[in-house]
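Asks: So that we are looking at the same thing, I have put the structure below in structure tokens.
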Amino acid sequence: MDNTVPTNETNEVRVELNGPVPQHVAIIMDGNGRWAKSRGLPRSAGHAAGAETFRTIASYCRDIGMKYLTVYAFSTENWRRPQEEVEGIMRLLDTYIHEALAVMEKERIRIEFFGNVSGLSDNLLDLIKQAREMNKKVTDGVQANICVNYGGRDEIRAAAAAFAKDCMEGRRSPEELDEALFSQYMYSKDVPDPELIIRPSGEIRTSNFLLWQSAYSEYYFTDCMWPDFTPFEINRAINDYNKRSRRFGAV
Ligand code: FPP
């Protein structure tokens with residue numbers, strides 16, 4: 001079935017969903033800087049446009065019945081960027097959470113944070129605390145997991161350290177450690193692994209994203225820059241995912 005229909009003056013191709021929606025999709029929001037550069041704009045404008053795209057995509061994912069959307073907003077390595085850029089991204093997060101607090105319940109969006117949030121400003125920590133409190137009132141819809149000061153290796157390191165501490169203090173013993181128990185030490189505890197991980201912008205690497213959780217995830221790469229990403233792109237990725245045969249190591 002041909003489900004692609006050229007649409008309006010943007011030449012965007014309309015792609016309709018043609019199969020079930022995965023319960024958890026994760027996205028590396030890449031390409032903001034190049035998107036801005038190609039328009040003669042500062043990188044900060046690319047991140048601002050990227051934050052808008054995130055708002056649109058989170059609402060769309062809720063509308064199609066997705067349960068979890070995880071996005072990579074700021075990695076443990078992103079601190080190496082110019083201070084001005086780092087501060088700009090933190091301001092965008094601050095604004096987003098601040099605005100979200102007022103509408104989360106009505107819009108049925110829970111917001112969680114994966115990463116070493118203790119490395120963030122007091123202001124952001126306070127907003128994160130308020131969002132977590134507000135989550136209790138949101139009983140359906142989508143959960144957006146925003147990865148901030150997040151690194152996949154760092155997450156596994158922190159989980160190992162926390163498990164070792166529990167062993168030393170008598171709450172756990174090494175013999176009982178299996179994958180399910182270790183998963184409970186991850187930021188993502190209680191969230192199922194993503195079935196699909198999307199990376200826009202033409203880069204084909206994982207960049208330290210969800211290393212533990214992605215063991216059996218399907219990947220989808222596209223040249224589209226994150227600020228240009230639309231619900232049709234999500235549909236295209238999900239349709240592609242639905243064509244795959246997932247065997248989880250079996251035949
Ligand atoms: C990667 O693109 C993007 C980031 C490091 C920042 C992402 C942050 C946002 C979209 C805004 C804040 C998020 C929310 C959820 C409100 P890049 O800058 O590496 O792009 P490039 O590879 O083209 O330079």
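The chains in the structure tokens are called A, B, ... from first to last as shown; in each chain the residues are counted from 1, and the ligands are counted from 1 in the order shown.
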Within 8 Å of ligand 1, counting only C-alpha atoms and all ligand atoms, which protein or nucleic acid residues do you find, written as an MDAnalysis selection string?
Replies: chainID A and resid 28:36 43 46:55 71:75 78 89:90 92:97 146 201 225:226
Asks: Those residues you just picked out, can you put them in a file as a PDB file, in the first residue's frame with C-alpha atoms?
Replies:
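Result saved to selection-v8.pdb:
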ATOM      1  CA  ILE A  28      18.548  11.457  20.063  1.00  0.00           C
ATOM      2  CA  MET A  29      17.525  15.061  19.298  1.00  0.00           C
ATOM      3  CA  ASP A  30      20.464  15.735  16.976  1.00  0.00           C
ATOM      4  CA  GLY A  31      21.130  18.339  14.291  1.00  0.00           C
ATOM      5  CA  ASN A  32      20.071  21.549  16.046  1.00  0.00           C
ATOM      6  CA  GLY A  33      23.431  23.222  15.445  1.00  0.00           C
ATOM      7  CA  ARG A  34      23.593  22.345  11.735  1.00  0.00           C
ATOM      8  CA  TRP A  35      19.971  23.352  11.242  1.00  0.00           C
ATOM      9  CA  ALA A  36      20.775  26.798  12.682  1.00  0.00           C
ATOM     10  CA  ARG A  43      23.324  27.503  17.541  1.00  0.00           C
ATOM     11  CA  GLY A  46      18.659  25.610  16.700  1.00  0.00           C
ATOM     12  CA  HIS A  47      18.219  24.416  20.278  1.00  0.00           C
ATOM     13  CA  ALA A  48      15.181  26.691  20.728  1.00  0.00           C
ATOM     14  CA  ALA A  49      13.646  25.238  17.545  1.00  0.00           C
ATOM     15  CA  GLY A  50      14.547  21.755  18.828  1.00  0.00           C
ATOM     16  CA  ALA A  51      12.701  22.415  22.088  1.00  0.00           C
ATOM     17  CA  GLU A  52       9.607  23.384  20.054  1.00  0.00           C
ATOM     18  CA  THR A  53       9.900  20.172  18.057  1.00  0.00           C
ATOM     19  CA  PHE A  54      10.056  18.218  21.310  1.00  0.00           C
ATOM     20  CA  ARG A  55       6.778  19.819  22.465  1.00  0.00           C
ATOM     21  CA  VAL A  71      14.742  12.106  24.591  1.00  0.00           C
ATOM     22  CA  TYR A  72      18.449  12.887  24.880  1.00  0.00           C
ATOM     23  CA  ALA A  73      18.601  16.576  25.836  1.00  0.00           C
ATOM     24  CA  PHE A  74      22.033  16.956  27.451  1.00  0.00           C
ATOM     25  CA  SER A  75      24.786  14.380  27.832  1.00  0.00           C
ATOM     26  CA  ASN A  78      27.877  18.194  26.560  1.00  0.00           C
ATOM     27  CA  ILE A  89      20.151  24.666  26.785  1.00  0.00           C
ATOM     28  CA  MET A  90      19.659  24.822  30.567  1.00  0.00           C
ATOM     29  CA  LEU A  92      15.335  26.058  27.537  1.00  0.00           C
ATOM     30  CA  LEU A  93      14.897  23.155  29.957  1.00  0.00           C
ATOM     31  CA  ASP A  94      13.996  25.576  32.724  1.00  0.00           C
ATOM     32  CA  THR A  95      11.373  27.292  30.526  1.00  0.00           C
ATOM     33  CA  TYR A  96       9.974  23.996  29.301  1.00  0.00           C
ATOM     34  CA  ILE A  97       9.518  22.488  32.778  1.00  0.00           C
ATOM     35  CA  ILE A 146      14.167  13.781  29.465  1.00  0.00           C
ATOM     36  CA  SER A 201      20.614  14.383  11.427  1.00  0.00           C
ATOM     37  CA  MET A 225      17.532  17.560  11.308  1.00  0.00           C
ATOM     38  CA  TRP A 226      15.738  17.481  14.661  1.00  0.00           C
TER      39      TRP A 226
END
Asks: Mind checking DSSP for segment 32-196 of chain A and telling me the strand (DSSP E or B) residues as a ChimeraX atom specification?
Replies: /A:68-75,109-114,142-150,196
Asks: For the selection you just gave me, I'd like the residues written to a file as an mmCIF file, in the first residue's frame, keeping C-alpha atoms.
Replies:
data_model
loop_
_atom_site.group_PDB
_atom_site.id
_atom_site.type_symbol
_atom_site.label_atom_id
_atom_site.label_comp_id
_atom_site.auth_asym_id
_atom_site.auth_seq_id
_atom_site.Cartn_x
_atom_site.Cartn_y
_atom_site.Cartn_z
ATOM 1 C CA TYR A 68 6.952 6.411 26.932
ATOM 2 C CA LEU A 69 9.025 8.865 24.910
ATOM 3 C CA THR A 70 12.658 9.247 25.991
ATOM 4 C CA VAL A 71 14.742 12.106 24.591
ATOM 5 C CA TYR A 72 18.449 12.887 24.880
ATOM 6 C CA ALA A 73 18.601 16.576 25.836
ATOM 7 C CA PHE A 74 22.033 16.956 27.451
ATOM 8 C CA SER A 75 24.786 14.380 27.832
ATOM 9 C CA ILE A 109 2.026 14.343 29.946
ATOM 10 C CA ARG A 110 4.218 13.071 32.789
ATOM 11 C CA ILE A 111 7.809 14.281 32.805
ATOM 12 C CA GLU A 112 10.642 12.205 34.262
ATOM 13 C CA PHE A 113 14.356 12.902 34.198
ATOM 14 C CA PHE A 114 17.101 10.361 33.547
ATOM 15 C CA VAL A 142 2.489 9.699 27.775
ATOM 16 C CA GLN A 143 5.553 9.799 30.018
ATOM 17 C CA ALA A 144 8.355 11.925 28.559
ATOM 18 C CA ASN A 145 11.728 10.918 29.974
ATOM 19 C CA ILE A 146 14.167 13.781 29.465
ATOM 20 C CA CYS A 147 17.803 12.688 29.687
ATOM 21 C CA VAL A 148 19.823 15.492 31.270
ATOM 22 C CA ASN A 149 23.440 15.190 32.404
ATOM 23 C CA TYR A 150 22.948 11.648 31.138
ATOM 24 C CA LEU A 196 12.713 1.818 18.775
#
Asks: Have a look at A:Arg236, A:Arg247, A:Lys189, A:Lys165 and name the one nearest to Gln213 of chain A; count only C-alpha atoms.
Replies: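 Under the stated criterion, the closest residue is A:Lys189.
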Asks: Find the residues around segment 208-211 of chain A up to 7 Å (only C-alpha atoms counted), leave out those fewer than 6 positions away in its own chain, and share them as a list in words.
Replies: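 Selected residues are Gly151, Gly152 and Arg153 of chain A.
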Asks: Keeping only all heavy atoms, take the residues you just selected and write them out as a short mmCIF file (atom, residue, chain, number, x, y, z; two decimals), in the first residue's frame.
Replies:
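Wrote it out as again10.cif, contents follow:
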data_model
loop_
_atom_site.label_atom_id
_atom_site.label_comp_id
_atom_site.auth_asym_id
_atom_site.auth_seq_id
_atom_site.Cartn_x
_atom_site.Cartn_y
_atom_site.Cartn_z
N GLY A 151 24.58 9.92 30.74
CA GLY A 151 25.52 9.13 29.95
C GLY A 151 25.20 7.67 30.22
O GLY A 151 24.99 7.29 31.38
N GLY A 152 25.16 6.86 29.17
CA GLY A 152 24.84 5.45 29.36
C GLY A 152 25.87 4.74 30.23
O GLY A 152 25.53 3.95 31.12
N ARG A 153 27.14 5.03 30.00
CA ARG A 153 28.18 4.39 30.82
C ARG A 153 28.09 4.86 32.27
O ARG A 153 28.23 4.08 33.20
CB ARG A 153 29.56 4.73 30.27
CG ARG A 153 29.90 3.95 29.03
CD ARG A 153 31.34 4.19 28.66
NE ARG A 153 31.72 3.36 27.53
CZ ARG A 153 32.91 3.37 26.98
NH1 ARG A 153 33.86 4.20 27.43
NH2 ARG A 153 33.19 2.58 25.96
#
Asks: Could you please determine the separation between atom CA of Ile204 of chain A and atom CA of Asp223 of chain A in Å, to one decimal place?
Replies: 9.8 Å
Asks: Just the residues within 8 Å of Asn235 of chain A, please, counting only C-alpha atoms, with nothing from its chain fewer than 4 positions along; format it as a list in words.
Replies: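 Near neighbours after the sequence-gap exclusion: Val15, Glu16, Leu17, Pro231 and Asn239 of chain A.
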Asks: For N, CA, C and O atoms, I'd like the residues from the last selection saved as an mmCIF file, in the first residue's frame.
Replies:
data_model
loop_
_atom_site.group_PDB
_atom_site.id
_atom_site.type_symbol
_atom_site.label_atom_id
_atom_site.label_comp_id
_atom_site.auth_asym_id
_atom_site.auth_seq_id
_atom_site.Cartn_x
_atom_site.Cartn_y
_atom_site.Cartn_z
ATOM 1 N N VAL A 15 2.942 10.943 5.709
ATOM 2 C CA VAL A 15 3.044 9.492 5.893
ATOM 3 C C VAL A 15 2.087 9.093 6.996
ATOM 4 O O VAL A 15 2.182 9.606 8.115
ATOM 5 N N GLU A 16 1.155 8.227 6.679
ATOM 6 C CA GLU A 16 0.196 7.790 7.698
ATOM 7 C C GLU A 16 0.735 6.544 8.399
ATOM 8 O O GLU A 16 1.445 5.746 7.803
ATOM 9 N N LEU A 17 0.369 6.383 9.663
ATOM 10 C CA LEU A 17 0.756 5.183 10.412
ATOM 11 C C LEU A 17 0.060 3.979 9.810
ATOM 12 O O LEU A 17 -1.128 4.050 9.508
ATOM 13 N N PRO A 231 5.567 14.957 13.067
ATOM 14 C CA PRO A 231 4.858 13.699 13.328
ATOM 15 C C PRO A 231 4.937 12.720 12.153
ATOM 16 O O PRO A 231 4.972 11.514 12.359
ATOM 17 N N ASN A 239 6.548 2.974 10.954
ATOM 18 C CA ASN A 239 6.205 2.067 9.845
ATOM 19 C C ASN A 239 7.397 1.195 9.477
ATOM 20 O O ASN A 239 7.260 -0.006 9.209
#
Asks: Identify all residues of segment 1-217 of chain A in alpha helix (DSSP H) (DSSP on the backbone) and supply them as an MDAnalysis selection string.
Replies: chainID A and resid 32:37 43:63 83:107 122:135 152:168 179:183
Asks: With distances taken over only C-alpha atoms, which residue among A:Lys67, A:His98, A:Arg108, A:His24 lies nearest Ala131 of chain A?
Replies: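 Among A:Lys67, A:His98, A:Arg108, A:His24, it is A:His98 that comes nearest to Ala131 of chain A.
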Asks: Within 9 Å of Glu195 of chain A, counting only C-alpha atoms, which residues show up once you throw out same-chain ones fewer than 6 positions away? Write them as a VMD selection string, please.
Replies: chain A and resid 22 to 26 214 216 to 219 241
Asks: Please save C-alpha atoms of the selected residues as an mmCIF file, in the first residue's frame.
Replies:
data_model
loop_
_atom_site.group_PDB
_atom_site.id
_atom_site.type_symbol
_atom_site.label_atom_id
_atom_site.label_comp_id
_atom_site.auth_asym_id
_atom_site.auth_seq_id
_atom_site.Cartn_x
_atom_site.Cartn_y
_atom_site.Cartn_z
ATOM 1 C CA PRO A 22 5.520 0.830 20.056
ATOM 2 C CA GLN A 23 5.012 1.539 23.737
ATOM 3 C CA HIS A 24 8.435 3.173 24.133
ATOM 4 C CA VAL A 25 10.345 5.212 21.548
ATOM 5 C CA ALA A 26 13.617 7.027 22.309
ATOM 6 C CA SER A 214 19.048 -0.632 23.991
ATOM 7 C CA TYR A 216 17.423 -5.306 21.683
ATOM 8 C CA SER A 217 16.132 -1.951 20.434
ATOM 9 C CA GLU A 218 15.628 -1.358 16.732
ATOM 10 C CA TYR A 219 17.419 1.719 15.386
ATOM 11 C CA TYR A 241 10.018 -0.544 12.631
#
Asks: So what do you get for atom CA of Ile197 of chain A versus atom CA of Ile27 of chain A, distance-wise?
Replies: 5.6 Å
